[in-house]
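Undergrad: If it helps, the file is called query_3.pdb and holds PDB, C-alpha atoms:
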```pdb
ATOM      1  CA  MET A   1     -61.370 114.570  12.213
ATOM      2  CA  GLY A   2     -57.966 113.958  13.822
ATOM      3  CA  GLU A   3     -56.967 115.869  16.922
ATOM      4  CA  ARG A   4     -59.630 118.486  16.254
ATOM      5  CA  GLY A   5     -62.294 115.769  16.314
ATOM      6  CA  ARG A   6     -61.578 114.523  19.828
ATOM      7  CA  LEU A   7     -64.728 114.110  21.883
ATOM      8  CA  THR A   8     -63.087 114.529  25.263
ATOM      9  CA  ASP A   9     -59.948 116.063  26.703
ATOM     10  CA  SER A  10     -59.305 113.161  29.064
ATOM     11  CA  GLY A  11     -57.283 110.173  28.009
ATOM     12  CA  PRO A  12     -56.881 106.571  29.053
ATOM     13  CA  SER A  13     -55.292 105.785  32.402
ATOM     14  CA  LYS A  14     -51.537 105.234  32.530
ATOM     15  CA  ALA A  15     -52.135 101.647  33.680
ATOM     16  CA  ALA A  16     -54.411 100.888  30.721
ATOM     17  CA  GLU A  17     -51.891 102.371  28.281
ATOM     18  CA  ALA A  18     -49.036 100.443  29.885
ATOM     19  CA  LEU A  19     -51.016  97.204  29.614
ATOM     20  CA  VAL A  20     -51.793  97.789  25.934
ATOM     21  CA  ALA A  21     -48.151  98.759  25.314
ATOM     22  CA  VAL A  22     -46.956  95.362  26.592
ATOM     23  CA  PHE A  23     -48.802  93.578  23.794
ATOM     24  CA  LEU A  24     -47.857  95.987  21.016
ATOM     25  CA  PRO A  25     -44.706  95.321  18.972
ATOM     26  CA  LEU A  26     -42.063  97.967  19.687
ATOM     27  CA  ALA A  27     -41.776  99.028  16.043
ATOM     28  CA  CYS A  28     -45.368 100.355  15.955
ATOM     29  CA  ARG A  29     -46.065 101.002  19.638
ATOM     30  CA  GLU A  30     -45.678 104.780  19.491
ATOM     31  CA  GLU A  31     -48.183 105.523  16.733
ATOM     32  CA  VAL A  32     -50.767 102.908  17.733
ATOM     33  CA  LEU A  33     -50.837 104.081  21.358
ATOM     34  CA  GLY A  34     -51.117 107.672  20.108
ATOM     35  CA  ASP A  35     -54.003 106.818  17.772
ATOM     36  CA  LEU A  36     -55.831 104.894  20.505
ATOM     37  CA  HIS A  37     -55.271 107.827  22.878
ATOM     38  CA  GLU A  38     -56.648 110.280  20.331
ATOM     39  CA  ARG A  39     -59.775 108.162  19.762
ATOM     40  CA  TYR A  40     -60.379 107.720  23.497
ATOM     41  CA  ARG A  41     -64.003 108.304  24.594
ATOM     42  CA  SER A  42     -64.448 106.022  27.613
ATOM     43  CA  PRO A  43     -62.559 103.217  29.355
ATOM     44  CA  TRP A  44     -64.871 100.625  27.761
ATOM     45  CA  GLN A  45     -64.448 102.031  24.280
ATOM     46  CA  TYR A  46     -60.671 102.168  24.794
ATOM     47  CA  GLY A  47     -60.546  98.572  26.036
ATOM     48  CA  PHE A  48     -62.725  97.259  23.215
ATOM     49  CA  GLU A  49     -60.765  99.132  20.569
ATOM     50  CA  ALA A  50     -57.425  97.991  22.015
ATOM     51  CA  LEU A  51     -58.649  94.384  22.079
ATOM     52  CA  SER A  52     -59.727  94.522  18.441
ATOM     53  CA  THR A  53     -56.671  96.451  17.232
ATOM     54  CA  VAL A  54     -53.667  94.930  19.025
ATOM     55  CA  PRO A  55     -53.998  91.366  17.609
ATOM     56  CA  LEU A  56     -54.210  92.701  14.040
ATOM     57  CA  VAL A  57     -51.217  94.982  14.602
ATOM     58  CA  ALA A  58     -49.229  92.048  16.023
ATOM     59  CA  ILE A  59     -50.216  89.782  13.109
ATOM     60  CA  GLY A  60     -49.282  92.524  10.646
ATOM     61  CA  ARG A  61     -45.898  92.880  12.331
ATOM     62  CA  ILE A  62     -45.328  89.094  12.275
ATOM     63  CA  ARG A  63     -46.171  89.072   8.560
ATOM     64  CA  ARG A  64     -43.531  91.754   7.994
ATOM     65  CA  THR A  65     -40.781  90.181  10.081
ATOM     66  CA  ALA A  66     -41.324  86.459   9.389
ATOM     67  CA  ASP A  67     -39.477  85.346   6.257
ATOM     68  CA  PRO A  68     -40.907  81.960   5.138
ATOM     69  CA  ARG A  69     -37.465  80.673   4.054
ATOM     70  CA  ILE A  70     -35.847  81.580   7.377
ATOM     71  CA  LEU A  71     -38.872  80.173   9.203
ATOM     72  CA  LEU A  72     -38.399  76.873   7.370
ATOM     73  CA  ILE A  73     -34.717  76.767   8.366
ATOM     74  CA  GLN A  74     -35.634  77.608  11.977
ATOM     75  CA  ALA A  75     -38.319  74.886  11.990
ATOM     76  CA  PHE A  76     -35.746  72.392  10.720
ATOM     77  CA  ALA A  77     -33.221  73.460  13.386
ATOM     78  CA  VAL A  78     -35.847  73.184  16.147
ATOM     79  CA  ALA A  79     -36.935  69.732  14.913
ATOM     80  CA  VAL A  80     -33.303  68.526  14.823
ATOM     81  CA  SER A  81     -32.733  70.008  18.277
ATOM     82  CA  PHE A  82     -35.712  68.207  19.852
ATOM     83  CA  LEU A  83     -35.056  64.937  18.009
ATOM     84  CA  GLY A  84     -31.384  65.064  19.056
ATOM     85  CA  ALA A  85     -32.296  65.812  22.666
ATOM     86  CA  ALA A  86     -34.778  62.927  22.680
ATOM     87  CA  TRP A  87     -32.231  60.617  21.051
ATOM     88  CA  PHE A  88     -29.602  61.303  23.719
ATOM     89  CA  ARG A  89     -31.790  61.701  26.806
ATOM     90  CA  ASP A  90     -34.811  59.480  26.221
ATOM     91  CA  GLY A  91     -34.476  56.985  23.364
ATOM     92  CA  PRO A  92     -37.737  55.111  24.084
ATOM     93  CA  LEU A  93     -39.674  58.366  23.647
ATOM     94  CA  LEU A  94     -38.791  58.403  19.934
ATOM     95  CA  ARG A  95     -39.922  54.825  19.477
ATOM     96  CA  SER A  96     -43.176  55.231  21.401
ATOM     97  CA  GLN A  97     -46.469  55.466  19.473
ATOM     98  CA  TRP A  98     -47.027  59.224  19.945
ATOM     99  CA  GLY A  99     -43.402  60.154  20.589
ATOM    100  CA  LEU A 100     -42.929  62.412  17.548
ATOM    101  CA  LEU A 101     -46.248  64.130  18.143
ATOM    102  CA  ARG A 102     -45.318  64.759  21.802
ATOM    103  CA  LEU A 103     -42.048  66.327  20.643
ATOM    104  CA  ALA A 104     -43.860  68.451  18.055
ATOM    105  CA  VAL A 105     -45.793  70.425  20.691
ATOM    106  CA  PRO A 106     -42.823  72.053  22.499
ATOM    107  CA  GLY A 107     -41.104  72.328  19.109
ATOM    108  CA  ALA A 108     -44.010  74.328  17.708
ATOM    109  CA  MET A 109     -44.085  76.526  20.806
ATOM    110  CA  THR A 110     -40.346  77.182  20.482
ATOM    111  CA  LEU A 111     -40.870  78.168  16.846
ATOM    112  CA  LEU A 112     -43.726  80.454  17.891
ATOM    113  CA  GLY A 113     -41.362  82.010  20.434
ATOM    114  CA  LEU A 114     -38.806  82.680  17.693
ATOM    115  CA  VAL A 115     -41.441  84.322  15.488
ATOM    116  CA  LEU A 116     -42.709  86.506  18.340
ATOM    117  CA  GLU A 117     -39.155  87.413  19.325
ATOM    118  CA  ASP A 118     -38.529  88.837  15.837
ATOM    119  CA  ALA A 119     -41.883  90.626  15.699
ATOM    120  CA  TYR A 120     -41.488  92.272  19.104
ATOM    121  CA  ALA A 121     -37.787  93.089  18.816
ATOM    122  CA  ARG A 122     -36.542  96.660  18.850
ATOM    123  CA  LEU A 123     -35.111  97.901  15.565
ATOM    124  CA  GLY A 124     -31.343  98.327  15.606
ATOM    125  CA  ARG A 125     -28.852  96.915  18.110
ATOM    126  CA  ARG A 126     -30.182  94.994  21.108
ATOM    127  CA  ASN A 127     -28.780  95.203  24.620
ATOM    128  CA  ALA A 128     -27.817  92.187  26.751
ATOM    129  CA  ALA A 129     -31.187  91.977  28.528
ATOM    130  CA  GLU A 130     -33.012  91.901  25.195
ATOM    131  CA  LEU A 131     -30.718  89.165  23.896
ATOM    132  CA  VAL A 132     -31.472  87.003  26.959
ATOM    133  CA  ARG A 133     -35.217  87.707  26.856
ATOM    134  CA  GLY A 134     -35.736  85.720  23.617
ATOM    135  CA  PRO A 135     -34.436  82.325  24.799
ATOM    136  CA  VAL A 136     -36.132  82.801  28.196
ATOM    137  CA  ALA A 137     -39.455  83.520  26.468
ATOM    138  CA  ARG A 138     -39.038  80.447  24.243
ATOM    139  CA  ILE A 139     -38.344  78.175  27.213
ATOM    140  CA  ALA A 140     -41.265  79.738  29.120
ATOM    141  CA  LEU A 141     -43.647  79.167  26.190
ATOM    142  CA  ALA A 142     -42.558  75.553  25.768
ATOM    143  CA  THR A 143     -42.774  74.968  29.534
ATOM    144  CA  LEU A 144     -46.263  76.470  29.672
ATOM    145  CA  SER A 145     -47.409  74.222  26.830
ATOM    146  CA  GLN A 146     -46.020  71.209  28.684
ATOM    147  CA  ALA A 147     -47.637  72.282  31.949
ATOM    148  CA  ALA A 148     -50.983  72.634  30.152
ATOM    149  CA  LEU A 149     -50.602  69.213  28.520
ATOM    150  CA  GLY A 150     -49.361  67.636  31.758
ATOM    151  CA  ALA A 151     -52.367  68.978  33.654
ATOM    152  CA  GLY A 152     -54.678  67.093  31.288
ATOM    153  CA  HIS A 153     -52.624  63.910  30.992
ATOM    154  CA  ALA A 154     -49.239  63.576  32.675
ATOM    155  CA  GLY A 155     -48.007  60.972  30.160
ATOM    156  CA  VAL A 156     -48.321  63.374  27.206
ATOM    157  CA  ALA A 157     -45.725  65.873  28.398
ATOM    158  CA  VAL A 158     -42.129  65.549  27.186
ATOM    159  CA  PRO A 159     -39.461  64.775  29.842
ATOM    160  CA  ARG A 160     -38.044  67.984  31.348
ATOM    161  CA  TRP A 161     -34.443  67.477  30.169
ATOM    162  CA  VAL A 162     -35.494  66.716  26.616
ATOM    163  CA  MET A 163     -37.512  69.914  26.605
ATOM    164  CA  LEU A 164     -34.730  72.067  28.049
ATOM    165  CA  TYR A 165     -32.118  70.698  25.630
ATOM    166  CA  GLY A 166     -34.562  71.070  22.739
ATOM    167  CA  CYS A 167     -35.395  74.706  23.550
ATOM    168  CA  GLY A 168     -31.781  75.623  24.169
TER     169      GLY A 168
ATOM    170  CA  MET B 169     -52.948  85.100 -10.994
ATOM    171  CA  ALA B 170     -53.009  88.590  -9.441
ATOM    172  CA  ARG B 171     -50.182  91.017 -10.242
ATOM    173  CA  SER B 172     -48.042  91.931  -7.244
ATOM    174  CA  ASP B 173     -49.059  95.592  -7.680
ATOM    175  CA  SER B 174     -52.761  94.933  -8.227
ATOM    176  CA  LEU B 175     -55.113  96.367  -5.620
ATOM    177  CA  GLY B 176     -57.785  94.748  -3.496
ATOM    178  CA  GLN B 177     -60.966  96.702  -2.792
ATOM    179  CA  PHE B 178     -59.958  97.610   0.748
ATOM    180  CA  GLU B 179     -56.514  98.655  -0.453
ATOM    181  CA  GLN B 180     -58.209 100.974  -2.966
ATOM    182  CA  LEU B 181     -60.148 102.603  -0.139
ATOM    183  CA  VAL B 182     -57.033 103.088   1.988
ATOM    184  CA  LEU B 183     -55.026 104.501  -0.928
ATOM    185  CA  THR B 184     -57.890 106.851  -1.791
ATOM    186  CA  ALA B 185     -58.012 108.005   1.831
ATOM    187  CA  VAL B 186     -54.253 108.686   1.862
ATOM    188  CA  LEU B 187     -54.567 110.575  -1.434
ATOM    189  CA  SER B 188     -57.455 112.758  -0.254
ATOM    190  CA  LEU B 189     -56.002 113.553   3.189
ATOM    191  CA  ARG B 190     -52.644 114.730   1.805
ATOM    192  CA  GLU B 191     -50.454 116.037   4.680
ATOM    193  CA  ASP B 192     -53.020 115.016   7.319
ATOM    194  CA  ALA B 193     -52.921 111.281   6.513
ATOM    195  CA  TYR B 194     -52.247 109.229   9.648
ATOM    196  CA  GLY B 195     -53.947 106.303  11.447
ATOM    197  CA  VAL B 196     -56.972 108.096  12.932
ATOM    198  CA  THR B 197     -57.798 110.290   9.935
ATOM    199  CA  ILE B 198     -57.222 107.476   7.428
ATOM    200  CA  HIS B 199     -59.538 105.200   9.427
ATOM    201  CA  ALA B 200     -62.229 107.909   9.527
ATOM    202  CA  LYS B 201     -61.990 108.486   5.773
ATOM    203  CA  VAL B 202     -62.024 104.754   4.964
ATOM    204  CA  GLN B 203     -65.034 104.337   7.240
ATOM    205  CA  GLU B 204     -66.780 107.112   5.295
ATOM    206  CA  LEU B 205     -65.905 105.507   1.931
ATOM    207  CA  ALA B 206     -66.866 101.967   3.012
ATOM    208  CA  GLN B 207     -70.346 102.880   4.316
ATOM    209  CA  PRO B 208     -72.410 101.076   5.465
ATOM    210  CA  LYS B 209     -69.700  98.545   6.347
ATOM    211  CA  ALA B 210     -67.863  98.966   9.641
ATOM    212  CA  VAL B 211     -64.081  99.178   9.422
ATOM    213  CA  SER B 212     -61.720  98.389  12.285
ATOM    214  CA  LEU B 213     -58.634 100.437  13.054
ATOM    215  CA  GLY B 214     -56.542  97.250  13.059
ATOM    216  CA  ALA B 215     -57.593  96.383   9.504
ATOM    217  CA  VAL B 216     -56.430  99.822   8.382
ATOM    218  CA  TYR B 217     -53.007  99.334  10.035
ATOM    219  CA  VAL B 218     -52.559  95.918   8.404
ATOM    220  CA  THR B 219     -53.431  97.342   4.981
ATOM    221  CA  LEU B 220     -51.153 100.361   5.436
ATOM    222  CA  ASP B 221     -48.277  97.986   6.280
ATOM    223  CA  ARG B 222     -49.000  95.881   3.213
ATOM    224  CA  LEU B 223     -49.180  98.914   0.920
ATOM    225  CA  GLU B 224     -45.903 100.187   2.345
ATOM    226  CA  ASP B 225     -44.275  96.803   1.702
ATOM    227  CA  LYS B 226     -45.516  96.983  -1.900
ATOM    228  CA  GLY B 227     -43.893 100.416  -2.258
ATOM    229  CA  MET B 228     -47.188 102.245  -2.889
ATOM    230  CA  ILE B 229     -46.985 104.497   0.157
ATOM    231  CA  ALA B 230     -44.217 105.820   2.403
ATOM    232  CA  SER B 231     -44.405 106.672   6.097
ATOM    233  CA  TRP B 232     -42.544 108.714   8.687
ATOM    234  CA  LEU B 233     -43.013 109.627  12.347
ATOM    235  CA  SER B 234     -44.081 113.199  13.141
ATOM    236  CA  ASP B 235     -43.299 115.122  16.316
ATOM    237  CA  PRO B 236     -45.165 114.046  19.489
ATOM    238  CA  THR B 237     -48.261 116.097  20.411
ATOM    239  CA  PRO B 238     -49.957 116.564  23.832
ATOM    240  CA  ALA B 239     -53.382 115.658  22.364
ATOM    241  CA  ARG B 240     -52.058 112.165  21.736
ATOM    242  CA  GLY B 241     -50.573 111.692  25.194
ATOM    243  CA  GLY B 242     -47.193 112.936  23.990
ATOM    244  CA  ARG B 243     -46.960 110.322  21.263
ATOM    245  CA  ALA B 244     -45.979 110.761  17.627
ATOM    246  CA  LYS B 245     -48.139 110.117  14.566
ATOM    247  CA  ARG B 246     -47.082 107.881  11.706
ATOM    248  CA  CYS B 247     -47.902 109.959   8.630
ATOM    249  CA  TYR B 248     -48.344 108.488   5.157
ATOM    250  CA  ARG B 249     -47.996 109.758   1.619
ATOM    251  CA  LEU B 250     -48.665 108.215  -1.772
ATOM    252  CA  GLU B 251     -45.637 107.095  -3.798
ATOM    253  CA  ALA B 252     -45.458 107.104  -7.613
ATOM    254  CA  LEU B 253     -46.413 103.406  -7.810
ATOM    255  CA  GLY B 254     -49.402 104.025  -5.518
ATOM    256  CA  GLU B 255     -50.621 106.878  -7.735
ATOM    257  CA  LEU B 256     -50.253 104.711 -10.817
ATOM    258  CA  VAL B 257     -52.199 101.714  -9.481
ATOM    259  CA  LEU B 258     -54.861 103.998  -8.007
ATOM    260  CA  GLN B 259     -55.322 105.653 -11.399
ATOM    261  CA  GLU B 260     -55.589 102.226 -13.035
ATOM    262  CA  SER B 261     -58.167 101.032 -10.523
ATOM    263  CA  ALA B 262     -60.186 104.269 -10.866
ATOM    264  CA  VAL B 263     -60.300 103.834 -14.640
ATOM    265  CA  THR B 264     -61.384 100.213 -14.201
ATOM    266  CA  ALA B 265     -64.110 101.261 -11.744
ATOM    267  CA  LYS B 266     -65.334 103.872 -14.252
ATOM    268  CA  ARG B 267     -65.511 101.234 -17.007
ATOM    269  CA  VAL B 268     -67.493  98.937 -14.701
ATOM    270  CA  TRP B 269     -69.844 101.803 -13.823
ATOM    271  CA  ASP B 270     -70.392 102.753 -17.484
ATOM    272  CA  LEU B 271     -71.072  99.155 -18.468
ATOM    273  CA  ILE B 272     -73.555  98.567 -15.647
ATOM    274  CA  ALA B 273     -75.282 101.893 -16.335
ATOM    275  CA  GLY B 274     -75.524 100.885 -19.988
ATOM    276  CA  VAL B 275     -77.217  97.591 -19.118
ATOM    277  CA  TRP B 276     -79.474  98.781 -16.284
ATOM    278  CA  GLY B 277     -80.298 102.098 -17.903
ATOM    279  CA  GLU B 278     -79.849 105.821 -17.346
ATOM    280  CA  GLU B 279     -82.621 105.960 -14.723
ATOM    281  CA  TRP B 280     -80.760 103.517 -12.514
ATOM    282  CA  ALA B 281     -77.528 105.488 -12.909
ATOM    283  CA  LYS B 282     -79.308 108.778 -12.025
ATOM    284  CA  GLU B 283     -80.967 107.203  -8.978
ATOM    285  CA  TRP B 284     -77.641 105.923  -7.615
ATOM    286  CA  GLY B 285     -75.937 109.170  -8.521
ATOM    287  CA  LYS B 286     -78.524 111.029  -6.395
ATOM    288  CA  ARG B 287     -78.072 108.624  -3.474
ATOM    289  CA  TRP B 288     -74.296 109.038  -3.503
ATOM    290  CA  GLY B 289     -74.677 112.768  -3.788
ATOM    291  CA  LYS B 290     -76.902 112.824  -0.691
ATOM    292  CA  GLU B 291     -74.515 110.595   1.282
ATOM    293  CA  ALA B 292     -71.529 112.709   0.303
ATOM    294  CA  GLY B 293     -73.383 115.928   1.092
TER     295      GLY B 293
END
```
Just dump the structure as structure tokens.
TA:
Amino acid sequence: MGERGRLTDSGPSKAAEALVAVFLPLACREEVLGDLHERYRSPWQYGFEALSTVPLVAIGRIRRTADPRILLIQAFAVAVSFLGAAWFRDGPLLRSQWGLLRLAVPGAMTLLGLVLEDAYARLGRRNAAELVRGPVARIALATLSQAALGAGHAGVAVPRWVMLYGCG
Amino acid sequence: MARSDSLGQFEQLVLTAVLSLREDAYGVTIHAKVQELAQPKAVSLGAVYVTLDRLEDKGMIASWLSDPTPARGGRAKRCYRLEALGELVLQESAVTAKRVWDLIAGVWGEEWAKEWGKRWGKEAG
């Protein structure tokens, strides 16, 4: 099959490819986009195939970049960071019935941000913008989780300063 | 407990595809070959990528990026080749599969083995 087996000479639109590229880890973006382009038959087929392929590629990349020992150390650091922030900024939060659970949500999101940052990072040296993007993404993820929780029940969200200190 | 270099069934299919495609082994062609080998099961492209990554981590295959081609929107292919460890474990699993086949054919009889042999021959043809 391969290039000789292509059913049509047309390819996906630039916009569709750019959208798929956003969700693909940099380390495997080139070949996956090329393979999806080569298998292109229609916009629907392309969209369906991208939807079924990209999550698996991302999970595969996370599996390769996430070291369980480092992840454990990061989880410990994040937990200490959030507990410390709560201790200094909002002592009663720690003593409240669901205080630790409330802190665990932004903590887990921050950890997820760290994992995604590694999986989506460019190989080799990173420039300044890429170095800033990681912490910004972590804070955004934690903030989004708090916004989602706050929309359901305002009392569940962690105070803003605790969250910002914890993520930082 | 499984050995670190033991192969799962899907890994066997992917390794076999890489072996048979030789210089033309990359995502699209490997997926097509695995799909052919796994019939009638459907195989997703993503599952093939995940398995290729895992096999590369185990040191059974190696990969490199080829030159970009216009047919792929100016993007490169990631080509794969079998490493010595991959050849070894594939040989082991082929021998095991042959033993399983011989044993089953011995129990269920020559007629059964001929019938399935014919079916596979037709599918392959």
Undergrad: Could you give me, as CSV, a per-residue list for chain A showing, wherever an atom lies at most 10 Å from an atom of chain B, the closest pair of atoms and their distance in Å to one decimal, using all atoms listed in the file and sorting by chain then residue number from low to high?
TA:
```
residue,atom,partner,partner_atom,distance
A:Met1,CA,B:Thr197,CA,6.0
A:Gly2,CA,B:Thr197,CA,5.3
A:Glu3,CA,B:Ala239,CA,6.5
A:Arg4,CA,B:Ala239,CA,9.2
A:Gly5,CA,B:Thr197,CA,9.5
A:Arg6,CA,B:Ala239,CA,8.7
A:Asp9,CA,B:Ala239,CA,7.9
A:Ser10,CA,B:Ala239,CA,9.3
A:Gly11,CA,B:Gly241,CA,7.4
A:Pro12,CA,B:Gly241,CA,9.0
A:Lys14,CA,B:Gly241,CA,9.8
A:Glu17,CA,B:Gly241,CA,9.9
A:Cys28,CA,B:Arg246,CA,8.8
A:Arg29,CA,B:Arg243,CA,9.5
A:Glu30,CA,B:Arg243,CA,6.0
A:Glu31,CA,B:Lys245,CA,5.1
A:Val32,CA,B:Gly195,CA,7.8
A:Leu33,CA,B:Arg243,CA,7.3
A:Gly34,CA,B:Arg240,CA,4.9
A:Asp35,CA,B:Val196,CA,5.8
A:Leu36,CA,B:Arg240,CA,8.3
A:His37,CA,B:Arg240,CA,5.5
A:Glu38,CA,B:Arg240,CA,5.2
A:Arg39,CA,B:Val196,CA,7.4
A:Tyr40,CA,B:Arg240,CA,9.6
A:Glu49,CA,B:Leu213,CA,7.9
A:Ala50,CA,B:Gly214,CA,9.0
A:Leu51,CA,B:Gly214,CA,9.7
A:Ser52,CA,B:Gly214,CA,6.8
A:Thr53,CA,B:Gly214,CA,4.3
A:Val54,CA,B:Gly214,CA,7.0
A:Pro55,CA,B:Gly214,CA,7.9
A:Leu56,CA,B:Gly214,CA,5.2
A:Val57,CA,B:Gly214,CA,6.0
A:Ala58,CA,B:Val218,CA,9.2
A:Ile59,CA,B:Val218,CA,8.1
A:Gly60,CA,B:Val218,CA,5.2
A:Arg61,CA,B:Asp221,CA,8.3
A:Arg63,CA,B:Arg222,CA,9.1
A:Arg64,CA,B:Asp221,CA,8.0
```
Undergrad: Please list as an MDAnalysis selection string every residue within 9 Å of Leu83 in chain A, counting all atoms listed in the file and excluding residues in the same chain fewer than 2 positions away.
TA: chainID A and resid 78:81 85:88 94 100 103 162 166
Undergrad: Do you know which residues are at most 6 Å from range 226-230 of chain B counting only C-alpha atoms, after dropping those on the same chain fewer than 5 positions away, and could you put them as a list in words?
TA: Tyr248, Arg249, Leu250, Glu251, Leu253 and Gly254 of chain B
Undergrad: Emit the selected residues as an mmCIF file, in the coordinates of the input, including C-alpha atoms.
TA:
```cif
data_model
loop_
_atom_site.group_PDB
_atom_site.id
_atom_site.type_symbol
_atom_site.label_atom_id
_atom_site.label_comp_id
_atom_site.auth_asym_id
_atom_site.auth_seq_id
_atom_site.Cartn_x
_atom_site.Cartn_y
_atom_site.Cartn_z
ATOM 1 C CA TYR B 248 -48.344 108.488 5.157
ATOM 2 C CA ARG B 249 -47.996 109.758 1.619
ATOM 3 C CA LEU B 250 -48.665 108.215 -1.772
ATOM 4 C CA GLU B 251 -45.637 107.095 -3.798
ATOM 5 C CA LEU B 253 -46.413 103.406 -7.810
ATOM 6 C CA GLY B 254 -49.402 104.025 -5.518
#
```
Undergrad: Between CA of Thr264 in chain B and CA of Val186 in chain B, what is the distance, to one decimal in Å?
TA: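 CA of Val186 in chain B lies at a distance of 19.5 Å from CA of Thr264 in chain B.
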Undergrad: Take CA of Gln259 in chain B and CA of Gly176 in chain B and report the distance between them in Å, one decimal.
TA: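 The value is 13.7 Å.
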Undergrad: Excluding same-chain residues fewer than 5 positions from Glu260 in chain B, what lies within 12 Å of it counting all atoms listed in the file, as a list in words?
TA: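 The residues satisfying every condition are Asp173, Ser174, Leu175, Gln180, Leu253, Gly254, Glu255, Ala265, Lys266 and Arg267 of chain B.
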Undergrad: Please report the interatomic distance between CA of Leu258 in chain B and CA of Ala206 in chain B in Å with one decimal.
TA: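 Interatomic distance, CA of Leu258 in chain B to CA of Ala206 in chain B: 16.4 Å.
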Undergrad: Would you pick out the contacts of Leu111 in chain A at 8 Å or less, using all atoms listed in the file, so that residues sharing its chain but fewer than 3 positions from it are not included, and give the list as a list in words?
TA: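 Counting only the stated atoms, we get Gln74, Ala75, Val78, Gly107, Ala108, Leu114, Val115 and Arg138 of chain A.
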Undergrad: Which is closest to Trp44 in chain A among A:Ala77, A:Ala16, A:Asp90, A:Val136, if we use only C-alpha atoms?
TA: A:Ala16
Undergrad: Build an axis-aligned box that encloses every atom of range 246-263 of chain B listed in the file, pad it by 3 Å on each side, and report its centre and edge lengths in Å to one decimal, as AutoDock Vina command-line options.
TA:
```
--center_x -52.9 --center_y 105.5 --center_z -1.5 --size_x 20.8 --size_y 14.9 --size_z 32.3
```
Undergrad: Going by the chain IDs and residue numbers used in this file, which residues fall under the PyMOL selection byres ((chain B and resi 205) around 10)? Write them as an NGL selection string.
TA: :B and (178 or 181-182 or 184-185 or 199-204 or 206-209 or 211 or 292)
Undergrad: In the coordinate frame of the file, compute which residues have an atom within 12 Å of (-46.4, 64.9, 27.1) when using all atoms listed in the file, and state them as a PyMOL selection string.
TA: chain A and resi 93+96+98-106+142-160+162-163
Undergrad: Would you kindly place N, CA and C atoms on range 200-214 of chain B and return the model as a CSV table (one decimal), in the coordinates of the input?
TA:
```csv
chain,number,residue,atom,x,y,z
B,200,ALA,N,-61.0,107.2,9.6
B,200,ALA,CA,-62.2,107.9,9.5
B,200,ALA,C,-62.6,108.0,8.1
B,201,LYS,N,-61.7,108.3,7.2
B,201,LYS,CA,-62.0,108.5,5.8
B,201,LYS,C,-62.4,107.2,5.1
B,202,VAL,N,-61.7,106.1,5.5
B,202,VAL,CA,-62.0,104.8,5.0
B,202,VAL,C,-63.4,104.3,5.4
B,203,GLN,N,-63.7,104.6,6.7
B,203,GLN,CA,-65.0,104.3,7.2
B,203,GLN,C,-66.1,105.1,6.4
B,204,GLU,N,-65.8,106.3,6.1
B,204,GLU,CA,-66.8,107.1,5.3
B,204,GLU,C,-67.0,106.5,3.9
B,205,LEU,N,-65.8,106.1,3.3
B,205,LEU,CA,-65.9,105.5,1.9
B,205,LEU,C,-66.6,104.1,1.9
B,206,ALA,N,-66.4,103.4,3.0
B,206,ALA,CA,-66.9,102.0,3.0
B,206,ALA,C,-68.3,101.8,3.5
B,207,GLN,N,-69.0,102.9,3.8
B,207,GLN,CA,-70.3,102.9,4.3
B,207,GLN,C,-71.2,102.0,3.5
B,208,PRO,N,-72.1,101.2,4.0
B,208,PRO,CA,-72.4,101.1,5.5
B,208,PRO,C,-71.6,100.1,6.2
B,209,LYS,N,-70.5,99.5,5.6
B,209,LYS,CA,-69.7,98.5,6.3
B,209,LYS,C,-68.9,99.2,7.5
B,210,ALA,N,-68.7,98.5,8.6
B,210,ALA,CA,-67.9,99.0,9.6
B,210,ALA,C,-66.4,98.6,9.3
B,211,VAL,N,-65.5,99.4,9.7
B,211,VAL,CA,-64.1,99.2,9.4
B,211,VAL,C,-63.3,99.3,10.7
B,212,SER,N,-62.5,98.3,11.0
B,212,SER,CA,-61.7,98.4,12.3
B,212,SER,C,-60.4,99.1,12.1
B,213,LEU,N,-59.9,99.7,13.1
B,213,LEU,CA,-58.6,100.4,13.1
B,213,LEU,C,-57.5,99.5,12.7
B,214,GLY,N,-57.6,98.3,13.3
B,214,GLY,CA,-56.5,97.2,13.1
B,214,GLY,C,-56.4,96.9,11.6
```
